[in-house]
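Visitor: final_39.tsv is the file, holding TSV, C-alpha atoms and all ligand atoms:
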chain	number	residue	atom	x	y	z
F	1	MET	CA	-16.23	11.78	25.89
F	2	PHE	CA	-19.19	13.95	24.94
F	3	PRO	CA	-20.59	13.60	21.43
F	4	LEU	CA	-22.32	16.80	20.40
F	5	ASN	CA	-24.78	17.53	17.62
F	6	LYS	CA	-24.99	21.07	16.31
F	7	GLY	CA	-27.25	22.29	13.55
F	8	GLY	CA	-29.17	19.04	13.04
F	9	ALA	CA	-26.47	16.63	11.82
F	10	PRO	CA	-27.72	13.10	11.01
F	11	PRO	CA	-27.25	10.69	13.93
F	12	GLN	CA	-25.55	7.99	11.79
F	13	ALA	CA	-22.25	8.77	10.02
F	14	HIS	CA	-22.09	8.31	6.22
F	15	VAL	CA	-25.88	7.93	5.88
F	16	GLY	CA	-28.64	10.46	5.08
F	17	LEU	CA	-26.50	13.56	4.56
F	18	PRO	CA	-28.39	16.87	4.92
F	19	GLU	CA	-29.69	18.04	1.52
F	20	GLY	CA	-27.06	19.80	-0.55
F	21	THR	CA	-24.05	18.87	1.61
F	22	VAL	CA	-20.94	16.74	1.44
F	23	GLU	CA	-19.59	14.92	4.47
F	24	GLU	CA	-16.16	15.27	6.00
F	25	GLU	CA	-14.85	13.03	8.77
F	26	PHE	CA	-12.49	14.96	11.03
F	27	GLY	CA	-10.93	12.25	13.15
F	28	ARG	CA	-7.93	11.46	15.29
F	29	SER	CA	-5.77	8.31	15.18
F	30	GLY	CA	-6.78	7.32	11.66
F	31	PHE	CA	-10.35	5.99	11.81
F	32	PHE	CA	-10.17	4.84	15.44
F	33	GLY	CA	-10.01	7.98	17.59
F	34	ARG	CA	-12.40	10.78	18.43
F	35	ALA	CA	-14.15	12.02	15.32
F	36	THR	CA	-16.68	14.60	14.18
F	37	HIS	CA	-18.65	14.59	10.94
F	38	LEU	CA	-18.92	17.97	9.28
F	39	TYR	CA	-21.59	18.67	6.65
F	40	HIS	CA	-20.22	21.22	4.18
F	41	ARG	CA	-22.01	23.19	1.51
F	42	HIS	CA	-18.90	22.81	-0.69
F	43	ALA	CA	-16.39	20.02	-1.17
F	44	PRO	CA	-13.27	20.98	0.83
F	45	THR	CA	-11.22	20.00	-2.24
F	46	GLY	CA	-12.85	22.81	-4.26
F	47	TRP	CA	-9.80	25.06	-4.05
F	48	THR	CA	-8.89	27.43	-6.88
F	49	ARG	CA	-5.14	27.08	-6.32
F	50	ILE	CA	-2.56	25.90	-3.76
F	51	GLU	CA	0.62	27.83	-2.96
F	52	GLY	CA	3.13	25.90	-0.85
F	53	PRO	CA	4.36	22.33	-0.42
F	54	THR	CA	1.33	20.76	1.35
F	55	ARG	CA	-0.71	19.40	-1.53
F	56	PRO	CA	-2.15	16.13	-2.82
F	57	ARG	CA	0.42	14.32	-4.93
F	58	ALA	CA	0.22	11.77	-7.71
F	59	MET	CA	3.38	10.03	-8.83
F	60	HIS	CA	3.90	7.91	-11.94
F	61	ALA	CA	5.94	5.50	-9.82
F	62	THR	CA	6.29	2.79	-12.46
F	63	ALA	CA	8.01	5.33	-14.74
F	64	LEU	CA	10.95	5.40	-12.32
F	65	VAL	CA	14.04	3.61	-13.60
F	66	PRO	CA	15.35	1.86	-10.48
F	67	PRO	CA	19.00	0.82	-10.20
F	68	ASP	CA	17.84	-2.84	-10.30
F	69	HIS	CA	16.35	-2.24	-13.77
F	70	LEU	CA	19.65	-1.12	-15.25
F	71	ASP	CA	22.06	-3.41	-13.40
F	72	ALA	CA	21.52	-6.86	-11.84
F	73	ARG	CA	23.56	-5.69	-8.82
F	74	GLY	CA	21.25	-2.71	-8.33
F	75	LEU	CA	18.53	-2.42	-5.69
F	76	PRO	CA	15.02	-0.87	-5.79
F	77	GLN	CA	14.54	2.91	-6.03
F	78	PRO	CA	13.04	4.59	-2.93
F	79	PHE	CA	10.42	7.29	-3.66
F	80	LEU	CA	8.77	8.08	-0.29
F	81	ARG	CA	10.27	7.54	3.14
F	82	ASN	CA	10.40	8.30	6.82
F	83	ALA	CA	12.16	6.63	9.76
F	84	ASP	CA	9.52	3.85	9.95
F	85	VAL	CA	9.00	2.90	6.32
F	86	THR	CA	10.51	3.40	2.87
F	87	LEU	CA	8.45	2.86	-0.29
F	88	CYS	CA	10.44	1.74	-3.35
F	89	MET	CA	9.88	0.57	-6.91
F	90	SER	CA	11.67	-2.50	-8.24
F	91	ARG	CA	11.87	-3.35	-11.95
F	92	ARG	CA	14.52	-6.04	-11.78
F	93	GLN	CA	15.06	-7.73	-15.17
F	94	ASP	CA	17.84	-10.20	-14.31
F	95	ALA	CA	18.43	-12.55	-11.39
F	96	MET	CA	20.40	-11.17	-8.46
F	97	PRO	CA	24.06	-12.22	-8.91
F	98	PHE	CA	24.26	-12.51	-5.09
F	99	TRP	CA	22.05	-13.64	-2.21
F	100	PHE	CA	20.73	-10.59	-0.36
F	101	ARG	CA	20.23	-10.21	3.39
F	102	ASP	CA	18.63	-6.98	4.61
F	103	ALA	CA	19.62	-6.64	8.26
F	104	ASP	CA	17.96	-3.20	8.51
F	105	ARG	CA	14.44	-3.78	7.27
F	106	ASP	CA	11.57	-6.23	7.09
F	107	LEU	CA	10.54	-6.29	3.42
F	108	VAL	CA	7.08	-6.58	1.88
F	109	HIS	CA	7.20	-6.99	-1.92
F	110	PHE	CA	3.90	-6.47	-3.74
F	111	VAL	CA	4.05	-7.94	-7.26
F	112	HIS	CA	2.37	-5.56	-9.74
F	113	ARG	CA	3.71	-7.24	-12.90
F	114	GLY	CA	5.82	-10.33	-13.58
F	115	THR	CA	6.44	-13.89	-12.48
F	116	GLY	CA	9.50	-15.64	-11.15
F	117	LEU	CA	11.11	-17.34	-8.20
F	118	LEU	CA	12.06	-16.00	-4.78
F	119	GLU	CA	14.84	-18.20	-3.34
F	120	THR	CA	15.24	-18.08	0.46
F	121	ASP	CA	16.94	-19.85	3.38
F	122	PHE	CA	13.63	-21.62	3.96
F	123	GLY	CA	13.12	-22.74	0.36
F	124	PRO	CA	11.77	-21.19	-2.85
F	125	LEU	CA	8.42	-19.49	-3.54
F	126	ARG	CA	7.01	-18.92	-7.05
F	127	TYR	CA	5.46	-15.46	-7.42
F	128	GLU	CA	2.89	-13.84	-9.69
F	129	PRO	CA	0.97	-10.55	-9.89
F	130	GLY	CA	-1.10	-9.79	-6.79
F	131	ASP	CA	1.30	-11.55	-4.43
F	132	TYR	CA	2.55	-10.05	-1.21
F	133	LEU	CA	5.86	-11.63	-0.19
F	134	VAL	CA	6.91	-10.88	3.40
F	135	ILE	CA	10.64	-11.25	4.03
F	136	PRO	CA	11.55	-10.63	7.69
F	137	ARG	CA	14.83	-8.84	8.26
F	138	GLY	CA	17.88	-11.08	8.23
F	139	ILE	CA	16.52	-13.69	5.80
F	140	THR	CA	18.89	-14.53	2.96
F	141	HIS	CA	17.10	-14.37	-0.38
F	142	ARG	CA	17.51	-13.92	-4.11
F	143	TRP	CA	15.05	-12.70	-6.77
F	144	VAL	CA	15.07	-14.73	-10.00
F	145	PRO	CA	12.62	-13.22	-12.53
F	146	ASP	CA	11.29	-15.49	-15.27
F	147	THR	CA	13.02	-14.84	-18.60
F	148	GLY	CA	11.12	-12.30	-20.68
F	149	SER	CA	8.68	-11.44	-17.88
F	150	GLU	CA	8.37	-7.67	-17.31
F	151	GLN	CA	8.82	-7.08	-13.60
F	152	VAL	CA	7.29	-4.30	-11.50
F	153	GLN	CA	7.12	-4.54	-7.70
F	154	LEU	CA	6.17	-2.10	-4.97
F	155	VAL	CA	8.65	-2.69	-2.13
F	156	ILE	CA	7.69	-1.62	1.41
F	157	GLU	CA	10.73	-1.58	3.72
F	158	SER	CA	9.79	-1.58	7.41
F	159	ALA	CA	11.97	-0.67	10.39
F	160	THR	CA	9.84	-2.98	12.58
F	161	GLU	CA	8.36	-6.44	12.29
F	162	ILE	CA	5.45	-6.99	9.88
F	163	ARG	CA	2.45	-8.53	11.67
F	164	LEU	CA	-1.14	-9.49	10.93
F	165	PRO	CA	-3.90	-7.38	12.51
F	166	GLU	CA	-6.21	-8.67	15.26
F	167	ARG	CA	-9.48	-9.87	13.66
F	168	GLY	CA	-11.55	-8.85	16.69
F	169	MET	CA	-15.22	-9.70	16.42
F	170	LEU	CA	-14.82	-10.79	12.78
F	171	GLY	CA	-13.26	-14.00	14.09
F	172	PRO	CA	-9.95	-15.56	13.07
F	173	HIS	CA	-11.00	-16.74	9.58
F	174	ALA	CA	-12.40	-13.52	8.11
F	175	LEU	CA	-10.70	-11.49	5.39
F	176	PHE	CA	-8.51	-14.50	4.82
F	177	ASP	CA	-8.03	-17.70	6.75
F	178	PRO	CA	-4.41	-17.78	8.02
F	179	GLY	CA	-4.39	-21.31	6.60
F	180	ILE	CA	-4.18	-19.79	3.11
F	181	ILE	CA	-0.75	-18.22	3.76
F	182	ARG	CA	1.93	-20.02	1.76
F	183	THR	CA	5.38	-20.79	3.11
F	184	PRO	CA	8.33	-22.48	1.36
F	185	GLU	CA	9.43	-26.10	1.51
F	186	PRO	CA	13.16	-26.57	2.19
F	187	GLU	CA	15.30	-27.07	-0.89
F	188	ALA	CA	18.99	-27.62	-0.12
F	189	HIS	CA	21.44	-26.75	-2.89
F	190	GLU	CA	24.67	-28.73	-3.17
F	191	ALA	CA	26.57	-26.63	-5.71
F	192	THR	CA	30.14	-25.64	-4.93
F	193	GLY	CA	32.09	-22.68	-6.26
F	194	GLU	CA	32.15	-19.15	-4.86
F	195	PHE	CA	28.93	-17.61	-3.59
F	196	GLU	CA	28.35	-14.04	-2.43
F	197	VAL	CA	25.93	-13.05	0.33
F	198	LEU	CA	25.39	-9.27	0.29
F	199	ILE	CA	24.38	-7.84	3.68
F	200	ARG	CA	22.84	-4.42	4.17
F	201	ARG	CA	23.31	-3.18	7.74
F	202	ARG	CA	22.84	0.43	8.85
F	203	GLY	CA	22.83	1.41	5.19
F	204	THR	CA	26.28	-0.06	4.48
F	205	PHE	CA	27.00	-3.09	2.32
F	206	THR	CA	29.19	-6.09	3.15
F	207	SER	CA	29.87	-9.10	0.90
F	208	VAL	CA	30.45	-12.47	2.59
F	209	TRP	CA	31.83	-15.21	0.34
F	210	TYR	CA	31.24	-18.96	0.77
F	211	PRO	CA	32.74	-22.01	-0.99
F	212	PHE	CA	29.32	-23.70	-0.86
F	213	HIS	CA	25.78	-22.67	-1.86
F	214	PRO	CA	24.35	-20.44	0.92
F	215	LEU	CA	20.89	-22.02	0.61
F	216	ASP	CA	21.66	-25.46	2.06
F	217	VAL	CA	18.82	-25.95	4.58
F	218	VAL	CA	17.40	-29.49	4.47
F	219	ALA	CA	14.75	-29.02	7.18
F	220	TRP	CA	13.29	-26.27	9.38
F	221	LYS	CA	10.61	-25.87	12.02
F	222	GLY	CA	9.19	-22.83	13.80
F	223	ASP	CA	7.11	-19.71	13.22
F	224	ALA	CA	9.64	-17.19	11.87
F	225	THR	CA	9.89	-17.47	8.10
F	226	VAL	CA	9.16	-15.86	4.76
F	227	TRP	CA	5.51	-15.97	3.70
F	228	GLN	CA	3.25	-15.21	0.79
F	229	LEU	CA	-0.35	-14.10	0.31
F	230	ASN	CA	-2.16	-13.26	-2.95
F	231	VAL	CA	-4.81	-10.52	-2.93
F	232	ARG	CA	-7.25	-12.88	-4.69
F	233	ASP	CA	-7.38	-14.86	-1.43
F	234	ILE	CA	-8.48	-11.79	0.57
F	235	ARG	CA	-12.28	-11.59	1.04
F	236	PRO	CA	-13.09	-7.95	1.84
F	237	VAL	CA	-15.49	-7.06	4.65
F	238	VAL	CA	-18.48	-5.08	3.34
F	239	SER	CA	-21.79	-3.73	4.55
F	240	PRO	CA	-24.65	-3.07	2.12
F	241	ARG	CA	-25.90	-0.19	4.31
F	242	TYR	CA	-22.77	1.49	5.68
F	243	HIS	CA	-19.52	2.78	4.16
F	244	LEU	CA	-16.95	0.99	6.32
F	245	PRO	CA	-13.70	2.81	7.11
F	246	PRO	CA	-10.56	1.85	5.13
F	247	SER	CA	-9.15	0.25	8.28
F	248	VAL	CA	-11.36	-2.84	7.69
F	249	HIS	CA	-9.13	-3.53	4.69
F	250	THR	CA	-5.95	-3.74	6.80
F	251	THR	CA	-3.70	-6.60	5.67
F	252	PHE	CA	-0.47	-5.97	7.61
F	253	LEU	CA	0.62	-3.86	10.58
F	254	ALA	CA	3.99	-2.55	11.68
F	255	GLN	CA	4.96	0.12	14.17
F	256	ASN	CA	3.66	3.50	12.97
F	257	PHE	CA	2.18	2.30	9.67
F	258	VAL	CA	-0.41	-0.07	8.20
F	259	ILE	CA	-0.77	-1.75	4.80
F	260	CYS	CA	-4.33	-2.13	3.48
F	261	SER	CA	-5.64	-3.90	0.36
F	262	PHE	CA	-8.60	-2.41	-1.55
F	263	LEU	CA	-10.17	-5.17	-3.60
F	264	PRO	CA	-13.22	-5.82	-5.80
F	265	ARG	CA	-16.38	-5.66	-3.73
F	266	PRO	CA	-20.05	-4.66	-3.89
F	267	LEU	CA	-20.87	-1.09	-2.88
F	268	GLU	CA	-23.51	0.13	-0.41
F	269	THR	CA	-26.62	-0.71	-2.43
F	270	GLY	CA	-28.88	-1.60	0.51
F	271	ASP	CA	-29.77	1.99	1.44
F	272	PRO	CA	-30.15	4.77	-1.14
F	273	THR	CA	-29.01	7.34	1.46
F	274	ALA	CA	-25.72	5.52	2.33
F	275	LEU	CA	-22.43	6.93	0.99
F	276	ARG	CA	-20.81	4.76	-1.71
F	277	VAL	CA	-17.62	6.81	-2.08
F	278	PRO	CA	-15.07	7.70	0.61
F	279	PHE	CA	-15.97	10.69	2.76
F	280	PHE	CA	-13.74	13.78	2.61
F	281	HIS	CA	-11.00	13.95	5.20
F	282	ARG	CA	-7.87	15.89	6.08
F	283	ASN	CA	-5.88	12.99	7.67
F	284	ALA	CA	-5.25	14.75	10.96
F	285	ASP	CA	-2.76	12.11	12.16
F	286	PHE	CA	-1.65	10.05	9.12
F	287	ASP	CA	-0.03	10.47	5.72
F	288	GLU	CA	-1.76	8.26	3.14
F	289	VAL	CA	-0.21	6.56	0.09
F	290	ILE	CA	-2.12	4.41	-2.42
F	291	PHE	CA	-0.54	2.28	-5.16
F	292	TYR	CA	-3.04	1.50	-7.92
F	293	HIS	CA	-2.59	-2.11	-9.07
F	294	ASP	CA	-5.50	-2.97	-11.34
F	295	GLY	CA	-9.13	-2.22	-12.23
F	296	ASN	CA	-11.05	1.02	-12.65
F	297	PHE	CA	-10.22	3.63	-10.00
F	298	PHE	CA	-13.71	5.07	-9.73
F	299	SER	CA	-13.12	7.76	-7.12
F	300	ARG	CA	-9.88	9.17	-8.64
F	301	ASP	CA	-10.06	10.85	-12.04
F	302	GLY	CA	-6.90	10.60	-14.11
F	303	ILE	CA	-5.23	7.83	-12.10
F	304	ARG	CA	-4.19	4.64	-13.85
F	305	ALA	CA	-2.61	1.34	-12.81
F	306	GLY	CA	1.01	1.76	-11.74
F	307	TRP	CA	0.45	5.23	-10.28
F	308	VAL	CA	0.75	6.30	-6.65
F	309	THR	CA	-1.25	8.99	-4.88
F	310	TYR	CA	0.16	10.60	-1.77
F	311	HIS	CA	-2.17	12.60	0.45
F	312	PRO	CA	-0.23	14.23	3.28
F	313	TYR	CA	-1.94	15.12	6.54
F	314	GLY	CA	-3.25	18.66	6.80
F	315	ILE	CA	-4.95	19.04	3.41
F	316	HIS	CA	-8.21	17.46	2.32
F	317	HIS	CA	-8.85	14.71	-0.13
F	318	GLY	CA	-11.95	12.85	-1.13
F	319	PRO	CA	-13.83	11.65	-4.19
F	320	HIS	CA	-13.47	13.52	-7.45
F	321	PRO	CA	-16.57	15.50	-8.50
F	322	ARG	CA	-17.64	12.99	-11.15
F	323	ALA	CA	-17.44	10.05	-8.71
F	324	LEU	CA	-19.37	11.99	-6.09
F	325	ALA	CA	-22.11	12.88	-8.58
F	326	ASN	CA	-22.36	9.39	-10.07
F	327	GLN	CA	-21.96	7.26	-6.93
F	328	HIS	CA	-25.56	5.99	-7.00
F	329	LEU	CA	-25.05	4.56	-10.50
F	330	LYS	CA	-22.25	2.28	-9.25
F	331	HIS	CA	-23.07	-1.08	-7.69
F	332	GLU	CA	-19.61	-2.54	-7.27
F	333	THR	CA	-15.96	-1.64	-7.60
F	334	ASP	CA	-13.30	-3.71	-9.35
F	335	GLU	CA	-10.38	-1.62	-8.10
F	336	GLN	CA	-7.28	-3.30	-6.69
F	337	ALA	CA	-4.96	-1.04	-4.72
F	338	VAL	CA	-2.46	-1.15	-1.88
F	339	MET	CA	-2.63	1.61	0.74
F	340	VAL	CA	0.15	2.51	3.19
F	341	ASP	CA	-0.90	4.88	6.00
F	342	THR	CA	1.95	6.30	8.07
F	343	ARG	CA	1.73	7.86	11.53
F	344	ASN	CA	4.75	10.09	10.82
F	345	PRO	CA	5.19	12.37	7.81
F	346	LEU	CA	6.80	11.05	4.64
F	347	GLU	CA	9.21	12.89	2.38
F	348	ILE	CA	9.55	12.55	-1.37
F	349	VAL	CA	12.98	11.17	-2.22
F	350	PRO	CA	14.74	13.74	-4.48
F	351	GLU	CA	15.51	11.12	-7.16
F	352	ALA	CA	11.74	10.54	-7.51
F	353	ALA	CA	10.64	14.18	-7.70
F	354	HIS	CA	10.51	14.09	-11.52
F	355	VAL	CA	7.60	11.58	-11.56
F	356	ASP	CA	5.39	13.89	-9.45
F	357	TRP	CA	2.38	15.05	-11.52
F	358	ALA	CA	2.20	18.76	-10.68
F	359	GLU	CA	-1.37	19.24	-11.97
F	360	TYR	CA	-2.92	16.56	-9.74
F	361	PRO	CA	-4.40	19.07	-7.22
F	362	ASP	CA	-6.25	20.70	-10.15
F	363	THR	CA	-8.18	17.48	-10.85
F	364	TRP	CA	-10.70	18.53	-8.18
F	365	ASN	CA	-11.02	22.05	-9.57
F	366	ARG	CA	-14.44	21.62	-11.02
F	367	GLN	CA	-16.60	23.06	-8.30
F	368	VAL	CA	-18.68	20.51	-6.40
F	369	ASN	CA	-21.83	22.07	-5.12
F	370	PRO	CA	-24.66	19.57	-4.80
F	371	ALA	CA	-26.98	22.45	-3.83
F	401	FE	FE	-8.09	8.78	2.50
As structure tokens, please, write out the structure in this file.
Ligand SMILES: [Fe+2]
Guide:
Amino acid sequence: MFPLNKGGAPPQAHVGLPEGTVEEEFGRSGFFGRATHLYHRHAPTGWTRIEGPTRPRAMHATALVPPDHLDARGLPQPFLRNADVTLCMSRRQDAMPFWFRDADRDLVHFVHRGTGLLETDFGPLRYEPGDYLVIPRGITHRWVPDTGSEQVQLVIESATEIRLPERGMLGPHALFDPGIIRTPEPEAHEATGEFEVLIRRRGTFTSVWYPFHPLDVVAWKGDATVWQLNVRDIRPVVSPRYHLPPSVHTTFLAQNFVICSFLPRPLETGDPTALRVPFFHRNADFDEVIFYHDGNFFSRDGIRAGWVTYHPYGIHHGPHPRALANQHLKHETDEQAVMVDTRNPLEIVPEAAHVDWAEYPDTWNRQVNPA
């Protein structure tokens, strides 16, 4: 197209901002489309008040009491959803009394707290905090938490297949070597009795009963299975002189949404004029959800582990004033967070509305005016 430069903007994004300004990236298609960098005298989050539903949200998601917390037959509690993806919390205490097969959705479980065993057609996988467990639709499985282990999982239900992103010029072994992905070994059960397989299809539930254990596979081969990846095995891409876009932290892709992992990494210490905090943006084409797993969430005042922020397209977000002012004192970040960016708008599930923190938009209220 035709990149323009009006008013003397710096030629390199995120570096050497004009004196007394903050930078906004106005871009299409997430961080991949046409974009313009705007140098504002004031942070675009410096509003005095917001009237209407389009506002930054913060949700104390782990305060939800999902049906699976109260009853072993219960399932996770959805809190944000659209036709492509549903985000749920699971706090299952007791083993599923059935084997579950979701025929509607590919499932990604992110383990925030707790250890246990995931039984599947393909064999069992032990899980621990920081694990992603990817369960393609149609796989029969059962969650068996360890006794006395407090369980909290973020569950991402996808209408389409979960895939890994292309690595492009990073090469196939960057971020994590696919060789590090764990898959189960077959473990055939021989028990007899009466066994229930619960199938969810088009939102309805069907129980299928067997006189033998439903997990009876003695061998398997192929490339469709359940798989597991821990965030400690992800090696983030960084640049000491340039604030890379969040898209470099993409872990999984599906149709109309991505899942990214923000992990401990050094900040941009190689150039004193390089941004070390995210630039402001108004998400022209994506809604953005972040689940805070662990560490110190430098750029978000007031947010703790187990919380979710939800920044809908159309209204700005960016670093809080304190993070913006203190960015050059920070040399690394120890934050661990999972981001889900959706191409289509999300809605807050009514049952989750009570964990929405109404004052969150006010957390930017202190005026940011570097001039
Ligand atoms: Fe963002």
Visitor: Give me the residues near region 101-110 of chain F as an MDAnalysis selection string, where near means some atom within 7 Å (using all atoms listed in the file) and where sequence neighbours in that chain fewer than 6 positions away do not count.
Guide: chainID F and resid 130:141 153:162 198:202
Visitor: Near Phe98 (chain F), within 10 Å and counting all atoms listed in the file, which residues show up once chain neighbours fewer than 4 positions away are dropped, as a short mmCIF file (atom, residue, chain, number, x, y, z; two decimals) with C-alpha atoms, in the frame of the given file?
Guide:
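Resulting contents of selection.cif:
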data_model
loop_
_atom_site.label_atom_id
_atom_site.label_comp_id
_atom_site.auth_asym_id
_atom_site.auth_seq_id
_atom_site.Cartn_x
_atom_site.Cartn_y
_atom_site.Cartn_z
CA ALA F 72 21.52 -6.86 -11.84
CA ARG F 73 23.56 -5.69 -8.82
CA THR F 140 18.89 -14.53 2.96
CA HIS F 141 17.10 -14.37 -0.38
CA ARG F 142 17.51 -13.92 -4.11
CA TRP F 143 15.05 -12.70 -6.77
CA PHE F 195 28.93 -17.61 -3.59
CA GLU F 196 28.35 -14.04 -2.43
CA VAL F 197 25.93 -13.05 0.33
CA LEU F 198 25.39 -9.27 0.29
CA ILE F 199 24.38 -7.84 3.68
CA SER F 207 29.87 -9.10 0.90
CA VAL F 208 30.45 -12.47 2.59
CA TRP F 209 31.83 -15.21 0.34
CA PRO F 214 24.35 -20.44 0.92
#
Visitor: Could you check which of F:Glu288, F:Asp146, F:Glu25, F:Asp301 is closest to Pro361 (chain F), using all atoms listed in the file?
Guide: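 Selected residue with least distance to Pro361 (chain F): F:Asp301.
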Visitor: Step by step, measure atom-to-atom distances between ligand FE 401 (chain F) and each residue using only C-alpha atoms and all ligand atoms, keep those at most 10 Å, then write them as an mmCIF file with C-alpha atoms, keeping the file's coordinate frame.
Guide:
data_model
loop_
_atom_site.group_PDB
_atom_site.id
_atom_site.type_symbol
_atom_site.label_atom_id
_atom_site.label_comp_id
_atom_site.auth_asym_id
_atom_site.auth_seq_id
_atom_site.Cartn_x
_atom_site.Cartn_y
_atom_site.Cartn_z
ATOM 1 C CA GLY F 30 -6.780 7.320 11.660
ATOM 2 C CA PHE F 31 -10.350 5.990 11.810
ATOM 3 C CA PRO F 245 -13.700 2.810 7.110
ATOM 4 C CA PRO F 246 -10.560 1.850 5.130
ATOM 5 C CA PRO F 278 -15.070 7.700 0.610
ATOM 6 C CA PHE F 279 -15.970 10.690 2.760
ATOM 7 C CA PHE F 280 -13.740 13.780 2.610
ATOM 8 C CA HIS F 281 -11.000 13.950 5.200
ATOM 9 C CA ARG F 282 -7.870 15.890 6.080
ATOM 10 C CA ASN F 283 -5.880 12.990 7.670
ATOM 11 C CA PHE F 286 -1.650 10.050 9.120
ATOM 12 C CA ASP F 287 -0.030 10.470 5.720
ATOM 13 C CA GLU F 288 -1.760 8.260 3.140
ATOM 14 C CA VAL F 289 -0.210 6.560 0.090
ATOM 15 C CA ILE F 290 -2.120 4.410 -2.420
ATOM 16 C CA TYR F 310 0.160 10.600 -1.770
ATOM 17 C CA HIS F 311 -2.170 12.600 0.450
ATOM 18 C CA PRO F 312 -0.230 14.230 3.280
ATOM 19 C CA TYR F 313 -1.940 15.120 6.540
ATOM 20 C CA HIS F 316 -8.210 17.460 2.320
ATOM 21 C CA HIS F 317 -8.850 14.710 -0.130
ATOM 22 C CA GLY F 318 -11.950 12.850 -1.130
ATOM 23 C CA PRO F 319 -13.830 11.650 -4.190
ATOM 24 C CA MET F 339 -2.630 1.610 0.740
ATOM 25 C CA ASP F 341 -0.900 4.880 6.000
#
Visitor: In Å, how far is it from CA of Phe262 (chain F) to CA of His42 (chain F)?
Guide: 27.3 Å
Visitor: Using only C-alpha atoms, pick whichever of F:Thr363, F:Thr115, F:Thr120, F:Gln228 has the shortest atom-to-atom distance to Trp99 (chain F).
Guide: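 For Trp99 (chain F), the nearest of the candidates is F:Thr120.
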Visitor: I'd like the interatomic distance between CA of Thr206 (chain F) and CA of Ala224 (chain F), to a tenth of an Å.
Guide: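 We find that CA of Thr206 (chain F) and CA of Ala224 (chain F) lie 24.1 Å from each other.
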Visitor: Just the number, please: distance in Å from CA of Arg81 (chain F) to CA of Pro66 (chain F), one decimal.
Guide: 15.6 Å
Visitor: Of the candidates F:Val237, F:Val248, F:Leu4, F:Val231, which one gets nearest to Glu166 (chain F) if we count all atoms listed in the file?
Guide: F:Val248
Visitor: Of the candidates F:Thr54, F:Asn5, F:Ser29, F:Ser239, which shows the shortest atom-to-atom distance to Leu275 (chain F), using all atoms listed in the file?
Guide: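 Nearest to Leu275 (chain F): F:Ser239.
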Visitor: If you take all atoms listed in the file and a cut-off of 10 Å, which residues of region 293-359 of chain F touch region 85-88 of chain F, and what are their nearest atom pairs and distances in Å to one decimal, in chain and number order, as a tab-separated table?
Guide:
residue	atom	partner	partner_atom	distance
F:Val340	CA	F:Leu87	CA	9.0
F:Thr342	CA	F:Val85	CA	8.0
F:Asn344	CA	F:Val85	CA	9.5
F:Leu346	CA	F:Val85	CA	8.6
F:Glu347	CA	F:Thr86	CA	9.6
F:Ile348	CA	F:Leu87	CA	9.8
F:Val349	CA	F:Thr86	CA	9.6
F:Ala352	CA	F:Cys88	CA	9.8
Visitor: Which polymer residues have any atom within 12 Å of an atom of Ala95 (chain F), counting only C-alpha atoms, with same-chain residues fewer than 4 positions away left out, as a PDB file with C-alpha atoms, in the frame of the given file?
Guide:
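Result file follows (part_10.pdb):
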ATOM      1  CA  ASP F  68      17.840  -2.840 -10.300  1.00  0.00           C
ATOM      2  CA  HIS F  69      16.350  -2.240 -13.770  1.00  0.00           C
ATOM      3  CA  ASP F  71      22.060  -3.410 -13.400  1.00  0.00           C
ATOM      4  CA  ALA F  72      21.520  -6.860 -11.840  1.00  0.00           C
ATOM      5  CA  ARG F  73      23.560  -5.690  -8.820  1.00  0.00           C
ATOM      6  CA  GLY F  74      21.250  -2.710  -8.330  1.00  0.00           C
ATOM      7  CA  LEU F  75      18.530  -2.420  -5.690  1.00  0.00           C
ATOM      8  CA  ARG F  91      11.870  -3.350 -11.950  1.00  0.00           C
ATOM      9  CA  TRP F  99      22.050 -13.640  -2.210  1.00  0.00           C
ATOM     10  CA  PHE F 100      20.730 -10.590  -0.360  1.00  0.00           C
ATOM     11  CA  GLY F 116       9.500 -15.640 -11.150  1.00  0.00           C
ATOM     12  CA  LEU F 117      11.110 -17.340  -8.200  1.00  0.00           C
ATOM     13  CA  LEU F 118      12.060 -16.000  -4.780  1.00  0.00           C
ATOM     14  CA  GLU F 119      14.840 -18.200  -3.340  1.00  0.00           C
ATOM     15  CA  HIS F 141      17.100 -14.370  -0.380  1.00  0.00           C
ATOM     16  CA  ARG F 142      17.510 -13.920  -4.110  1.00  0.00           C
ATOM     17  CA  TRP F 143      15.050 -12.700  -6.770  1.00  0.00           C
ATOM     18  CA  VAL F 144      15.070 -14.730 -10.000  1.00  0.00           C
ATOM     19  CA  PRO F 145      12.620 -13.220 -12.530  1.00  0.00           C
ATOM     20  CA  ASP F 146      11.290 -15.490 -15.270  1.00  0.00           C
ATOM     21  CA  THR F 147      13.020 -14.840 -18.600  1.00  0.00           C
ATOM     22  CA  GLY F 148      11.120 -12.300 -20.680  1.00  0.00           C
ATOM     23  CA  SER F 149       8.680 -11.440 -17.880  1.00  0.00           C
ATOM     24  CA  GLN F 151       8.820  -7.080 -13.600  1.00  0.00           C
TER      25      GLN F 151
END
Visitor: Between F:Gly33, F:Gly270, F:Phe212, F:Leu175, which one has atoms that come closest to Ile234 (chain F), using only C-alpha atoms?
Guide: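 Distance minimum relative to Ile234 (chain F) lands on F:Leu175.
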Visitor: Any idea what's packed within 7 Å of region 189-192 of chain F, counting all atoms listed in the file, ignoring anything in its chain fewer than 4 positions away? Could you give it as number ranges by chain?
Guide: F: 211-213, 215-216
Visitor: Using only C-alpha atoms, which residues sit within 6 Å of Thr250 (chain F) once same-chain residues fewer than 3 positions away are excluded, as number ranges by chain?
Guide: F: 247, 259-260
